[in-house]
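Structure data (mmCIF, N, CA and C atoms and all ligand atoms) from coords-v4.cif:
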data_start
loop_
_atom_site.label_atom_id
_atom_site.label_comp_id
_atom_site.auth_asym_id
_atom_site.auth_seq_id
_atom_site.Cartn_x
_atom_site.Cartn_y
_atom_site.Cartn_z
N MET A 845 37.30 59.28 82.24
CA MET A 845 38.14 58.08 82.30
C MET A 845 38.93 58.04 83.60
N LYS A 846 39.00 56.89 84.22
CA LYS A 846 39.71 56.75 85.50
C LYS A 846 41.22 56.79 85.28
N MET A 847 41.89 57.58 86.13
CA MET A 847 43.35 57.61 86.05
C MET A 847 43.89 56.40 86.80
N SER A 848 44.81 55.72 86.21
CA SER A 848 45.42 54.62 86.95
C SER A 848 46.92 54.86 87.04
N LYS A 849 47.45 54.48 88.17
CA LYS A 849 48.88 54.68 88.38
C LYS A 849 49.62 53.41 88.05
N LYS A 850 50.73 53.59 87.40
CA LYS A 850 51.60 52.45 87.12
C LYS A 850 52.98 52.79 87.61
N ILE A 851 53.77 51.77 87.81
CA ILE A 851 55.15 52.02 88.21
C ILE A 851 56.10 51.41 87.20
N VAL A 852 57.28 51.97 87.16
CA VAL A 852 58.34 51.40 86.34
C VAL A 852 59.60 51.33 87.19
N VAL A 853 60.49 50.41 86.82
CA VAL A 853 61.80 50.33 87.47
C VAL A 853 62.83 50.94 86.53
N ASP A 854 63.54 51.94 87.04
CA ASP A 854 64.59 52.57 86.25
C ASP A 854 65.82 51.67 86.25
N LYS A 855 66.11 51.12 85.09
CA LYS A 855 67.21 50.16 84.96
C LYS A 855 68.56 50.75 85.35
N GLU A 856 68.71 52.04 85.09
CA GLU A 856 70.00 52.70 85.38
C GLU A 856 70.24 52.77 86.88
N LEU A 857 69.18 52.90 87.65
CA LEU A 857 69.31 53.10 89.09
C LEU A 857 69.20 51.81 89.88
N CYS A 858 68.41 50.86 89.38
CA CYS A 858 68.14 49.63 90.13
C CYS A 858 69.41 48.82 90.34
N LYS A 859 69.60 48.38 91.61
CA LYS A 859 70.78 47.58 91.95
C LYS A 859 70.43 46.12 92.22
N GLY A 860 69.16 45.78 92.11
CA GLY A 860 68.74 44.40 92.32
C GLY A 860 69.05 43.87 93.71
N HIS A 861 68.94 44.72 94.73
CA HIS A 861 69.29 44.33 96.10
C HIS A 861 68.61 43.05 96.54
N ASP A 862 69.38 42.08 96.92
CA ASP A 862 68.87 40.84 97.51
C ASP A 862 67.65 40.32 96.78
N ASN A 863 67.74 40.27 95.51
CA ASN A 863 66.61 39.90 94.68
C ASN A 863 65.44 40.86 94.84
N GLY A 864 65.75 42.05 95.33
CA GLY A 864 64.76 43.10 95.31
C GLY A 864 63.84 43.17 96.51
N ARG A 865 63.98 44.24 97.27
CA ARG A 865 63.00 44.49 98.33
C ARG A 865 61.64 44.68 97.71
N CYS A 866 61.62 45.29 96.54
CA CYS A 866 60.36 45.53 95.85
C CYS A 866 59.65 44.20 95.58
N VAL A 867 60.42 43.20 95.23
CA VAL A 867 59.83 41.89 94.91
C VAL A 867 59.26 41.24 96.16
N GLN A 868 59.93 41.48 97.29
CA GLN A 868 59.42 40.93 98.55
C GLN A 868 58.10 41.61 98.94
N ILE A 869 58.00 42.88 98.68
CA ILE A 869 56.78 43.62 99.03
C ILE A 869 55.63 43.27 98.10
N ALA A 870 55.91 43.15 96.82
CA ALA A 870 54.83 42.92 95.84
C ALA A 870 55.27 41.90 94.78
N PRO A 871 55.39 40.64 95.20
CA PRO A 871 55.88 39.62 94.25
C PRO A 871 55.01 39.46 93.01
N GLU A 872 53.72 39.79 93.14
CA GLU A 872 52.80 39.62 92.01
C GLU A 872 53.04 40.63 90.89
N VAL A 873 53.82 41.66 91.22
CA VAL A 873 53.99 42.75 90.27
C VAL A 873 55.21 42.55 89.35
N PHE A 874 56.18 41.78 89.81
CA PHE A 874 57.46 41.74 89.10
C PHE A 874 57.80 40.40 88.47
N ASP A 875 58.49 40.49 87.36
CA ASP A 875 59.13 39.34 86.74
C ASP A 875 60.60 39.43 87.12
N THR A 876 61.13 38.40 87.76
CA THR A 876 62.49 38.48 88.29
C THR A 876 63.50 37.66 87.48
N ARG A 877 63.12 37.32 86.28
CA ARG A 877 64.03 36.46 85.50
C ARG A 877 65.21 37.20 84.89
N GLY A 878 65.10 38.53 84.79
CA GLY A 878 66.20 39.29 84.22
C GLY A 878 67.18 39.76 85.28
N GLU A 879 68.04 40.70 84.92
CA GLU A 879 69.04 41.24 85.84
C GLU A 879 68.41 42.11 86.90
N TYR A 880 67.30 42.72 86.56
CA TYR A 880 66.60 43.58 87.51
C TYR A 880 65.11 43.27 87.40
N PRO A 881 64.35 43.54 88.46
CA PRO A 881 62.92 43.23 88.42
C PRO A 881 62.20 44.05 87.35
N LYS A 882 61.38 43.37 86.62
CA LYS A 882 60.63 44.04 85.56
C LYS A 882 59.15 44.07 85.96
N VAL A 883 58.53 45.23 85.83
CA VAL A 883 57.13 45.36 86.21
C VAL A 883 56.26 44.69 85.14
N VAL A 884 55.46 43.73 85.56
CA VAL A 884 54.61 43.05 84.58
C VAL A 884 53.12 43.24 84.82
N ASP A 885 52.74 43.49 86.08
CA ASP A 885 51.30 43.58 86.34
C ASP A 885 51.04 44.54 87.49
N THR A 886 50.39 45.65 87.22
CA THR A 886 50.13 46.62 88.27
C THR A 886 48.65 46.70 88.63
N GLU A 887 47.89 45.74 88.17
CA GLU A 887 46.44 45.74 88.41
C GLU A 887 46.09 45.82 89.90
N GLU A 888 46.85 45.09 90.71
CA GLU A 888 46.52 44.98 92.14
C GLU A 888 47.18 46.05 92.99
N LEU A 889 47.90 46.96 92.37
CA LEU A 889 48.65 47.95 93.15
C LEU A 889 47.78 49.11 93.61
N ASP A 890 47.69 49.29 94.91
CA ASP A 890 47.00 50.48 95.39
C ASP A 890 48.04 51.51 95.81
N ASP A 891 47.56 52.71 96.14
CA ASP A 891 48.48 53.81 96.47
C ASP A 891 49.40 53.47 97.63
N GLU A 892 48.84 52.79 98.63
CA GLU A 892 49.63 52.47 99.81
C GLU A 892 50.81 51.57 99.44
N LYS A 893 50.55 50.59 98.62
CA LYS A 893 51.62 49.67 98.22
C LYS A 893 52.64 50.39 97.34
N ILE A 894 52.16 51.26 96.50
CA ILE A 894 53.08 52.02 95.66
C ILE A 894 54.02 52.85 96.55
N GLN A 895 53.46 53.49 97.57
CA GLN A 895 54.29 54.30 98.48
C GLN A 895 55.30 53.42 99.22
N ARG A 896 54.87 52.23 99.64
CA ARG A 896 55.79 51.30 100.32
C ARG A 896 56.92 50.90 99.40
N LEU A 897 56.60 50.64 98.15
CA LEU A 897 57.64 50.25 97.18
C LEU A 897 58.64 51.38 96.99
N ILE A 898 58.14 52.58 96.85
CA ILE A 898 59.02 53.73 96.62
C ILE A 898 59.91 53.96 97.84
N LYS A 899 59.32 53.91 99.03
CA LYS A 899 60.09 54.16 100.25
C LYS A 899 61.15 53.10 100.50
N ASN A 900 60.85 51.88 100.11
CA ASN A 900 61.77 50.78 100.43
C ASN A 900 62.82 50.51 99.38
N CYS A 901 62.77 51.23 98.30
CA CYS A 901 63.81 51.04 97.28
C CYS A 901 64.99 51.93 97.64
N PRO A 902 66.13 51.34 97.98
CA PRO A 902 67.28 52.13 98.41
C PRO A 902 67.90 52.94 97.29
N SER A 903 67.59 52.61 96.07
CA SER A 903 68.20 53.30 94.93
C SER A 903 67.28 54.32 94.27
N GLU A 904 66.09 54.48 94.84
CA GLU A 904 65.08 55.37 94.26
C GLU A 904 64.83 55.06 92.79
N ALA A 905 64.76 53.79 92.51
CA ALA A 905 64.62 53.34 91.11
C ALA A 905 63.17 53.15 90.68
N ILE A 906 62.25 53.20 91.66
CA ILE A 906 60.84 52.98 91.31
C ILE A 906 60.15 54.32 91.09
N LYS A 907 59.61 54.46 89.92
CA LYS A 907 58.95 55.71 89.53
C LYS A 907 57.48 55.44 89.22
N VAL A 908 56.66 56.44 89.52
CA VAL A 908 55.24 56.32 89.22
C VAL A 908 54.95 57.04 87.91
N ILE A 909 54.14 56.40 87.10
CA ILE A 909 53.65 57.10 85.91
C ILE A 909 52.13 57.06 85.94
N GLU A 910 51.50 58.12 85.52
CA GLU A 910 50.04 58.15 85.53
C GLU A 910 49.53 58.00 84.11
N GLU A 911 48.49 57.22 83.96
CA GLU A 911 47.95 57.03 82.61
C GLU A 911 46.52 57.47 82.53
S1 LIG A 1001 64.19 47.63 95.62
FE1 LIG A 1001 64.80 49.12 94.05
S2 LIG A 1001 66.95 48.73 93.65
FE2 LIG A 1001 66.14 46.95 94.72
S3 LIG A 1001 65.53 45.55 93.09
FE3 LIG A 1001 63.73 46.76 93.60
S4 LIG A 1001 63.76 48.49 92.17
FE4 LIG A 1001 65.80 47.57 92.16
#

Entire entry expressed as structure tokens:
Amino acid sequence: MKMSKKIVVDKELCKGHDNGRCVQIAPEVFDTRGEYPKVVDTEELDDEKIQRLIKNCPSEAIKVIEE
């Protein structure tokens, strides 16, 4: 079975900076209707984009989970 990586936003750490740098990098991944971006679709996420999201989050709120 293929391992796929998913990400989650840690609500405790996320500060919702400027509507989220994460949202600017990968708008297709997040639902922004709540107080913090919620991950809704990680189908299109490759490793490079995941690394960009992690590096650009000032609060280190984006975590990778493997399934
Ligand atoms: S970049 Fe990080 S802190 Fe900012 S909204 Fe996204 S997850 Fe939250």

**OP:** Enumerate, as number ranges by chain, the complete set of residues in chain A that a backbone-based DSSP assignment places in helix (DSSP H, G or I).
**Re:** A: 861-863, 865-869, 871-873, 891-900

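Going from atom N of Gly860 (chain A) to atom S4 of ligand LIG 1001 (chain A) covers 6.0 Å.
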
Emit as JSON the padded axis-aligned box for all listed atoms of region 902-909 of chain A, 6 Å per side, with centre and edge lengths in Å to one decimal.
{"center_x": 60.2, "center_y": 54.2, "center_z": 92.2, "size_x": 28.1, "size_y": 17.8, "size_z": 24.5}

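Environment of ligand LIG 1001 (chain A), defined as every protein or nucleic acid residue with an atom within 7 Å of it and counting only C-alpha atoms and all ligand atoms, comprises Val853, Leu857, Cys858, Lys859, Gly860, His861, Asn863, Gly864, Arg865, Cys866, Val867, Tyr880, Pro881, Asn900, Cys901, Pro902, Ser903, Glu904, Ala905 and Ile906 of chain A.
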
Original post:
Between atom C of Glu879 (chain A) and CA of Glu911 (chain A), what is the spacing in Å?
Top reply: 25.7 Å

Subject >> Pick from A:Thr876, A:Thr886, A:Gln895, A:Gln868 nearest to Lys849 (chain A), counting only N, CA and C atoms >> reply: A:Thr886

Subject >> Atom pair CA of Lys850 (chain A) / CA of Glu910 (chain A): separation (Å) >> reply: 6.1 Å

**OP:** Just the strand (DSSP E) stuff from region 845-887 of chain A, please, per backbone DSSP, written as a VMD selection string.
**Re:** chain A and resid 849 to 853 874 to 875 882 to 883

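Nearest to Glu872 (chain A) of all the residues A:Val884, A:Ile851, A:Ile894, A:Val908 is A:Val884, based on all atoms listed in the file.
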
Counting only N, CA and C atoms, write as a compact mmCIF listing (two decimals) with N, CA and C atoms, keeping the file's coordinate frame all protein and nucleic acid residues lying at most 5 Å from (56.0, 45.2, 89.0) in the file's frame.
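The resulting out_15.txt:
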# COMPACT_ATOMS: atom_id res chain seq x y z
N VAL A 873 53.82 41.66 91.22
CA VAL A 873 53.99 42.75 90.27
C VAL A 873 55.21 42.55 89.35
N PHE A 874 56.18 41.78 89.81
CA PHE A 874 57.46 41.74 89.10
C PHE A 874 57.80 40.40 88.47
N LYS A 882 61.38 43.37 86.62
CA LYS A 882 60.63 44.04 85.56
C LYS A 882 59.15 44.07 85.96
N VAL A 883 58.53 45.23 85.83
CA VAL A 883 57.13 45.36 86.21
C VAL A 883 56.26 44.69 85.14
N VAL A 884 55.46 43.73 85.56
CA VAL A 884 54.61 43.05 84.58
C VAL A 884 53.12 43.24 84.82
N ASP A 885 52.74 43.49 86.08
CA ASP A 885 51.30 43.58 86.34
C ASP A 885 51.04 44.54 87.49
